[in-house]
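Next comes final_24.cif, with mmCIF, C-alpha atoms.
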data_data
loop_
_atom_site.label_atom_id
_atom_site.label_comp_id
_atom_site.auth_asym_id
_atom_site.auth_seq_id
_atom_site.Cartn_x
_atom_site.Cartn_y
_atom_site.Cartn_z
CA MET A 1 -38.93 6.71 46.73
CA ASN A 2 -37.26 10.02 47.60
CA SER A 3 -34.97 9.27 50.56
CA LEU A 4 -33.67 6.62 52.94
CA LEU A 5 -33.17 6.95 56.70
CA VAL A 6 -30.61 4.43 58.01
CA LEU A 7 -30.03 3.99 61.73
CA THR A 8 -27.17 2.27 63.54
CA ASN A 9 -26.06 2.00 67.16
CA GLY A 10 -22.51 1.27 66.01
CA ASN A 11 -22.76 -2.46 66.53
CA GLU A 12 -21.14 -4.55 63.79
CA THR A 13 -24.47 -6.38 63.32
CA THR A 14 -25.90 -3.21 61.74
CA TRP A 15 -23.25 -3.01 59.01
CA PRO A 16 -25.27 -5.13 56.51
CA SER A 17 -28.09 -2.55 56.75
CA ILE A 18 -25.66 0.23 55.81
CA GLU A 19 -24.13 -1.80 52.99
CA PHE A 20 -27.55 -2.74 51.61
CA SER A 21 -28.83 0.84 51.93
CA ALA A 22 -25.84 2.14 49.97
CA TRP A 23 -26.63 -0.31 47.20
CA MET A 24 -30.34 0.62 47.25
CA SER A 25 -29.55 4.32 47.18
CA SER A 26 -27.32 3.86 44.15
CA GLN A 27 -29.99 1.82 42.36
CA LEU A 28 -32.85 4.20 43.19
CA ASN A 29 -30.76 7.38 42.83
CA THR A 30 -31.97 8.62 46.22
CA PRO A 31 -30.12 10.50 48.98
CA LEU A 32 -29.38 8.75 52.25
CA THR A 33 -29.32 9.97 55.84
CA LEU A 34 -27.23 7.87 58.23
CA VAL A 35 -28.02 8.31 61.91
CA GLY A 36 -25.64 7.11 64.59
CA ILE A 37 -27.33 6.41 67.91
CA LEU A 38 -25.17 7.10 70.98
CA GLU A 39 -26.73 4.79 73.56
CA ASN A 40 -24.18 5.59 76.26
CA ARG A 41 -22.87 9.13 76.55
CA GLY A 42 -19.13 9.35 76.04
CA GLU A 43 -18.95 5.93 74.39
CA ASN A 44 -19.11 6.91 70.73
CA ASP A 45 -16.07 5.03 69.37
CA ALA A 46 -18.20 2.32 67.76
CA VAL A 47 -20.44 4.86 66.01
CA GLU A 48 -17.42 6.87 64.82
CA GLU A 49 -15.79 3.72 63.41
CA ILE A 50 -18.88 2.59 61.52
CA PHE A 51 -19.43 6.17 60.26
CA SER A 52 -15.88 6.15 58.86
CA ARG A 53 -16.48 2.90 56.99
CA ALA A 54 -19.87 4.08 55.77
CA VAL A 55 -18.52 7.39 54.44
CA THR A 56 -15.86 5.55 52.45
CA LEU A 57 -18.51 3.25 50.94
CA LEU A 58 -20.95 6.07 50.17
CA GLN A 59 -18.29 8.22 48.55
CA GLN A 60 -17.11 5.31 46.42
CA LYS A 61 -20.66 4.92 45.12
CA GLY A 62 -21.15 8.66 44.58
CA ILE A 63 -24.18 8.76 46.91
CA SER A 64 -25.51 12.01 48.36
CA TYR A 65 -25.57 11.51 52.13
CA THR A 66 -25.99 13.26 55.47
CA LEU A 67 -24.64 12.15 58.85
CA GLN A 68 -26.54 12.76 62.07
CA LEU A 69 -26.22 11.77 65.73
CA GLU A 70 -28.99 10.83 68.14
CA THR A 71 -28.86 9.87 71.82
CA GLY A 72 -30.80 7.28 73.81
CA GLN A 73 -31.62 3.61 73.56
CA ALA A 74 -32.05 2.57 69.93
CA GLU A 75 -35.44 0.93 70.51
CA ALA A 76 -36.82 4.38 71.43
CA ALA A 77 -34.55 6.53 69.25
CA ILE A 78 -35.37 4.77 65.97
CA PRO A 79 -39.17 5.31 66.15
CA ARG A 80 -38.64 8.87 67.38
CA LYS A 81 -36.30 9.71 64.52
CA ALA A 82 -38.49 7.94 61.97
CA ALA A 83 -41.47 10.06 63.01
CA SER A 84 -39.54 13.34 62.83
CA GLU A 85 -37.91 12.83 59.42
CA ALA A 86 -39.51 12.96 55.96
CA ALA A 87 -37.76 9.81 54.70
CA ASP A 88 -39.84 7.30 52.73
CA LEU A 89 -38.07 4.20 54.05
CA ILE A 90 -36.57 3.44 57.48
CA VAL A 91 -33.66 0.99 57.49
CA THR A 92 -32.05 -0.77 60.42
CA GLY A 93 -30.57 -4.11 61.39
CA PRO A 94 -29.98 -6.30 64.45
CA LEU A 95 -28.75 -4.16 67.34
CA GLY A 96 -26.49 -6.81 68.83
CA ARG A 97 -28.41 -7.17 72.07
CA PRO A 98 -27.24 -9.93 74.48
CA PRO A 99 -29.42 -13.07 74.48
CA LEU A 100 -30.37 -12.54 78.14
CA ARG A 101 -31.72 -9.07 77.37
CA GLN A 102 -33.69 -10.43 74.42
CA PHE A 103 -35.11 -13.16 76.65
CA PHE A 104 -36.49 -10.72 79.23
CA SER A 105 -37.28 -7.72 77.00
CA GLY A 106 -38.07 -9.39 73.68
CA HIS A 107 -36.38 -8.87 70.33
CA SER A 108 -35.67 -5.21 69.57
CA PHE A 109 -37.28 -5.43 66.13
CA ARG A 110 -40.69 -6.17 67.68
CA HIS A 111 -40.58 -2.93 69.68
CA ILE A 112 -39.46 -0.94 66.66
CA LEU A 113 -42.05 -2.53 64.33
CA ALA A 114 -44.84 -1.65 66.76
CA LYS A 115 -43.89 2.04 66.82
CA VAL A 116 -42.63 2.87 63.32
CA GLN A 117 -45.50 3.70 60.99
CA LYS A 118 -43.46 4.16 57.81
CA PRO A 119 -42.18 1.27 55.67
CA LEU A 120 -39.46 -0.46 57.67
CA LEU A 121 -36.60 -2.46 56.16
CA TYR A 122 -34.82 -4.84 58.54
CA VAL A 123 -31.49 -6.12 57.21
CA PRO A 124 -29.92 -9.05 59.08
CA ALA A 125 -27.86 -9.87 55.97
CA ALA A 126 -27.29 -8.00 52.71
CA LYS A 127 -28.00 -10.02 49.56
CA ILE A 128 -26.76 -7.94 46.64
CA PRO A 129 -27.93 -7.61 43.91
CA VAL A 130 -31.62 -8.22 44.52
CA GLN A 131 -32.85 -10.59 41.81
CA LYS A 132 -35.74 -12.43 43.50
CA ILE A 133 -38.35 -10.82 45.76
CA LEU A 134 -41.02 -12.61 47.80
CA ALA A 135 -44.20 -10.71 48.73
CA CYS A 136 -46.37 -12.41 51.37
CA LEU A 137 -50.09 -11.69 50.98
CA GLY A 138 -52.33 -12.51 53.90
CA GLY A 139 -55.57 -11.80 52.07
CA LEU A 140 -56.73 -9.44 54.84
CA GLY A 141 -55.80 -6.18 53.13
CA TYR A 142 -52.71 -5.23 55.11
CA GLY A 143 -50.50 -7.25 52.76
CA LEU A 144 -51.39 -5.02 49.82
CA THR A 145 -49.12 -2.13 50.81
CA ALA A 146 -46.17 -4.54 51.06
CA GLU A 147 -47.12 -6.02 47.69
CA HIS A 148 -47.16 -2.59 46.08
CA LEU A 149 -43.73 -1.85 47.54
CA GLY A 150 -42.56 -5.26 46.34
CA VAL A 151 -43.65 -4.39 42.81
CA GLN A 152 -41.90 -1.02 43.09
CA MET A 153 -38.68 -2.66 44.30
CA ALA A 154 -38.83 -5.41 41.66
CA ARG A 155 -39.30 -2.83 38.90
CA SER A 156 -36.44 -0.66 40.20
CA PHE A 157 -34.03 -3.57 40.67
CA GLY A 158 -35.06 -5.56 37.59
CA ALA A 159 -36.01 -8.45 39.89
CA SER A 160 -38.68 -11.13 39.61
CA LEU A 161 -41.56 -11.18 42.09
CA THR A 162 -43.23 -14.15 43.77
CA LEU A 163 -46.63 -13.60 45.42
CA LEU A 164 -47.15 -16.02 48.28
CA THR A 165 -50.39 -16.82 50.10
CA VAL A 166 -50.47 -19.36 52.93
CA VAL A 167 -53.83 -21.01 53.52
CA PRO A 168 -54.15 -22.00 57.19
CA PRO A 169 -56.01 -25.13 58.27
CA ILE A 170 -59.72 -24.28 57.95
CA ASP A 171 -62.30 -26.17 60.00
CA LEU A 172 -65.25 -23.84 59.41
CA ASN A 173 -67.97 -25.05 57.06
CA TYR A 174 -69.31 -22.00 55.23
CA PRO A 175 -69.10 -21.41 51.44
CA GLU A 176 -66.02 -19.15 51.41
CA ALA A 177 -64.08 -21.44 53.75
CA ARG A 178 -65.00 -24.53 51.73
CA ALA A 179 -63.94 -22.86 48.48
CA ILE A 180 -60.56 -21.92 49.96
CA ARG A 181 -60.03 -25.36 51.52
CA GLU A 182 -60.96 -27.29 48.38
CA ASN A 183 -59.12 -25.05 45.89
CA TRP A 184 -56.09 -23.81 47.83
CA GLN A 185 -53.65 -25.04 45.16
CA ASN A 186 -55.42 -22.91 42.52
CA LEU A 187 -56.55 -20.12 44.80
CA ALA A 188 -56.05 -17.29 42.29
CA ALA A 189 -58.82 -18.74 40.11
CA THR A 190 -61.42 -18.67 42.90
CA ASP A 191 -63.94 -15.94 43.71
CA THR A 192 -62.70 -15.73 47.30
CA LEU A 193 -61.05 -12.82 49.12
CA PRO A 194 -57.55 -14.40 48.85
CA GLY A 195 -58.22 -15.24 45.19
CA ARG A 196 -59.25 -11.68 44.36
CA THR A 197 -56.26 -10.33 46.28
CA LEU A 198 -53.88 -12.50 44.25
CA ARG A 199 -55.43 -11.46 40.94
CA GLN A 200 -55.25 -7.80 41.93
CA ALA A 201 -51.59 -8.20 42.87
CA MET A 202 -50.78 -9.94 39.59
CA GLU A 203 -52.49 -7.15 37.66
CA THR A 204 -50.46 -4.54 39.57
CA ALA A 205 -47.25 -6.40 38.66
CA ARG A 206 -48.32 -6.74 35.01
CA LYS A 207 -48.97 -3.00 34.69
CA ALA A 208 -45.52 -2.33 36.16
CA GLN A 209 -43.98 -4.79 33.68
CA VAL A 210 -42.66 -6.93 36.52
CA LYS A 211 -42.27 -10.66 36.01
CA ALA A 212 -44.45 -12.27 38.68
CA GLN A 213 -45.77 -15.65 39.73
CA VAL A 214 -48.18 -16.96 42.37
CA ILE A 215 -47.35 -19.65 44.91
CA THR A 216 -49.84 -20.97 47.45
CA ARG A 217 -49.00 -23.11 50.46
CA GLN A 218 -51.14 -24.71 53.13
CA GLY A 219 -50.29 -24.94 56.81
CA ASP A 220 -48.89 -22.75 59.57
CA ALA A 221 -48.09 -19.29 58.16
CA ILE A 222 -44.72 -18.85 59.85
CA GLU A 223 -43.48 -22.34 59.01
CA GLU A 224 -44.63 -22.15 55.39
CA ILE A 225 -43.16 -18.70 54.75
CA ARG A 226 -39.84 -19.83 56.19
CA ALA A 227 -39.97 -22.94 54.02
CA GLU A 228 -40.64 -20.86 50.91
CA ILE A 229 -37.77 -18.49 51.72
CA ARG A 230 -35.42 -21.47 52.04
CA ALA A 231 -36.72 -23.15 48.88
CA GLY A 232 -36.79 -20.03 46.72
CA GLY A 233 -33.48 -18.43 47.65
CA TYR A 234 -35.02 -14.95 47.78
CA ASP A 235 -32.98 -11.78 48.14
CA MET A 236 -35.74 -9.71 49.78
CA VAL A 237 -39.04 -10.45 51.51
CA CYS A 238 -41.97 -8.01 51.65
CA MET A 239 -44.64 -8.39 54.32
CA GLY A 240 -47.60 -6.52 55.75
CA SER A 241 -47.55 -5.37 59.34
CA PRO A 242 -50.13 -6.69 61.82
CA TYR A 243 -50.27 -3.18 63.27
CA SER A 244 -52.21 -2.22 60.16
CA SER A 245 -55.23 -3.71 61.87
CA HIS A 246 -56.63 -3.01 65.31
CA SER A 247 -59.07 -5.88 65.45
CA LEU A 248 -59.15 -8.35 68.33
CA ARG A 249 -58.22 -11.08 65.86
CA GLN A 250 -54.92 -9.40 65.04
CA MET A 251 -54.17 -8.76 68.70
CA ALA A 252 -54.59 -12.46 69.41
CA THR A 253 -52.52 -13.84 66.54
CA ALA A 254 -48.78 -14.33 66.28
CA ASN A 255 -46.68 -11.51 64.92
CA VAL A 256 -45.79 -13.30 61.71
CA THR A 257 -43.78 -10.38 60.33
CA ALA A 258 -41.50 -10.19 63.37
CA ASP A 259 -41.04 -13.96 63.53
CA ILE A 260 -39.98 -14.03 59.88
CA ALA A 261 -37.70 -10.98 60.15
CA GLU A 262 -35.88 -12.40 63.16
CA THR A 263 -34.89 -15.58 61.30
CA ALA A 264 -34.73 -14.51 57.65
CA PRO A 265 -31.38 -14.75 55.81
CA CYS A 266 -32.17 -11.61 53.77
CA PRO A 267 -33.69 -8.11 54.13
CA VAL A 268 -37.36 -8.00 55.19
CA LEU A 269 -39.50 -5.03 54.20
CA SER A 270 -42.63 -4.47 56.28
CA ALA A 271 -45.33 -1.90 55.60
CA ARG A 272 -48.60 -0.96 57.23
CA TYR A 273 -51.79 -0.95 55.19
CA LEU A 274 -52.63 2.69 54.51
CA GLY A 275 -56.29 2.19 53.63
CA THR A 276 -59.26 2.83 55.87
#
Can I see the file as structure tokens?
Amino acid sequence: MNSLLVLTNGNETTWPSIEFSAWMSSQLNTPLTLVGILENRGENDAVEEIFSRAVTLLQQKGISYTLQLETGQAEAAIPRKAASEAADLIVTGPLGRPPLRQFFSGHSFRHILAKVQKPLLYVPAAKIPVQKILACLGGLGYGLTAEHLGVQMARSFGASLTLLTVVPPIDLNYPEARAIRENWQNLAATDTLPGRTLRQAMETARKAQVKAQVITRQGDAIEEIRAEIRAGGYDMVCMGSPYSSHSLRQMATANVTADIAETAPCPVLSARYLGT
């Protein structure tokens, strides 16, 4: 990973993303670009104040950094800036929107996730140091990019990695579905798509010399991932993005990544599947 792009609108809710990015940058030995978004012209006090705090933190850690300013609403400015910069990872946090605005317009992260094509790290709270990472594998391919990034992060941070697959209730009666339904607790040993995905992920972790384990759960994906996050006390969660796929199935299903990110007590890294 060569560089981080961190974006803030000056709201205090974005400070954990700056704090966590500074720690990541020091661990990965990568430069950092901090972008302050001026959403209302002439009202830049909040951005100036958070810049001042950030500069003090970055200088204390000896991090190479650049400061930039951008104008416009953050939901549009973040994807625009992400597309124009060469950074490998885009970092942001909650923008501090009023509940009424979220009710009518939806959570800001959903709009940003839909438009940002690079790996996106959403930081509602900074858990430092990162010692336990959870990678959620959906078995449909788009989880693999997140798993690879999870392995990379675990190796860089000296963290352990848990590979999670949630098996939804399956009513269909064909061989693959029966094998998954009957062997969900030992899914990695099966010759099913989720089983092969888990074995491939474990092999990737082994080659990277990352300590990894497999956990399978059965039930609603969002509920089970949240339950695992609570039970495991993870410091970072890695997930695939549903925008990796353009199938009708993905358009009709819940945005699991956004639902998890909006309630997670730790940073959530999402990444689109880059395959064909």
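In this model, the gap between atom CA of A:Glu75 and atom CA of A:Pro119 comes to 16.3 Å.
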Shell of 10 Å around stretch 78-81 of chain A, all atoms listed in the file, local chain residues under 5 positions omitted, as a PyMOL selection string: chain A and resi 5-9+35+37+70+72-73+86-87+90-92+111-118
Deliver the residues from the most recent selection as a file, using C-alpha atoms, as a JSON list (two decimals), in the coordinates of the input.
[["chain", "number", "residue", "atom", "x", "y", "z"],
["A", 5, "LEU", "CA", -33.17, 6.95, 56.70],
["A", 6, "VAL", "CA", -30.61, 4.43, 58.01],
["A", 7, "LEU", "CA", -30.03, 3.99, 61.73],
["A", 8, "THR", "CA", -27.17, 2.27, 63.54],
["A", 9, "ASN", "CA", -26.06, 2.00, 67.16],
["A", 35, "VAL", "CA", -28.02, 8.31, 61.91],
["A", 37, "ILE", "CA", -27.33, 6.41, 67.91],
["A", 70, "GLU", "CA", -28.99, 10.83, 68.14],
["A", 72, "GLY", "CA", -30.80, 7.28, 73.81],
["A", 73, "GLN", "CA", -31.62, 3.61, 73.56],
["A", 86, "ALA", "CA", -39.51, 12.96, 55.96],
["A", 87, "ALA", "CA", -37.76, 9.81, 54.70],
["A", 90, "ILE", "CA", -36.57, 3.44, 57.48],
["A", 91, "VAL", "CA", -33.66, 0.99, 57.49],
["A", 92, "THR", "CA", -32.05, -0.77, 60.42],
["A", 111, "HIS", "CA", -40.58, -2.93, 69.68],
["A", 112, "ILE", "CA", -39.46, -0.94, 66.66],
["A", 113, "LEU", "CA", -42.05, -2.53, 64.33],
["A", 114, "ALA", "CA", -44.84, -1.65, 66.76],
["A", 115, "LYS", "CA", -43.89, 2.04, 66.82],
["A", 116, "VAL", "CA", -42.63, 2.87, 63.32],
["A", 117, "GLN", "CA", -45.50, 3.70, 60.99],
["A", 118, "LYS", "CA", -43.46, 4.16, 57.81]]
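If only C-alpha atoms are the atoms counted, then among A:Gly240, A:Gly150, A:Pro129, A:Pro265 the closest residue to A:Lys211 is A:Gly150.
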Cut-off 12 Å around (-31.0, -9.7, 51.9) with all atoms listed in the file: residues as an NGL selection string: :A and (16-21 or 23-24 or 93 or 121-134 or 229 or 233-238 or 261 or 263-269)
Among the residues A:Leu38, A:Leu95, A:Ala22, A:Ala188, the one that comes closest to A:Gln59 [using only C-alpha atoms]: A:Ala22
Exercise: residues within 10 Å of coordinate (-26.1, 9.9, 53.9), counting all atoms listed in the file, as a list of chain:residue names: A:Ser3, A:Leu4, A:Leu5, A:Val6, A:Ile18, A:Ser21, A:Ala22, A:Ser25, A:Thr30, A:Pro31, A:Leu32, A:Thr33, A:Leu34, A:Val35, A:Phe51, A:Ala54, A:Val55, A:Leu58, A:Gln59, A:Ile63, A:Ser64, A:Tyr65, A:Thr66, A:Leu67, A:Gln68
Residue nearest A:Trp15 - candidates A:Thr192, A:Asn29, A:Asn44, A:Ser52, atoms counted: only C-alpha atoms: A:Ser52
Between atom CA of A:Ala76 and atom CA of A:Ser270, distance in Å (one decimal): 18.5 Å
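Closest to A:Cys136 among A:Ile225, A:Leu187, A:Ala177, A:Val47 is A:Ile225, based on all atoms listed in the file.
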Residue IDs satisfying the PyMOL selection byres ((chain A and resi 216) around 6), as a PyMOL selection string: chain A and resi 164-166+215+217
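Each of A:Thr14, A:Leu28, A:Thr71, A:Thr204 was checked against A:Gly96 using all atoms listed in the file; the smallest atom-to-atom distance is that of A:Thr14.
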Shell of 7 Å around A:Gly10, all atoms listed in the file, local chain residues under 5 positions omitted, as number ranges by chain: A: 36, 46-47, 50
Interatomic distance (Å, one decimal) between atom CA of A:Arg155 and atom CA of A:Val210: 5.8 Å
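If you measure from each of A:Ala205, A:Asp259, A:Leu120, A:Pro94 to A:Ser108 using only C-alpha atoms, the closest one turns out to be A:Pro94.
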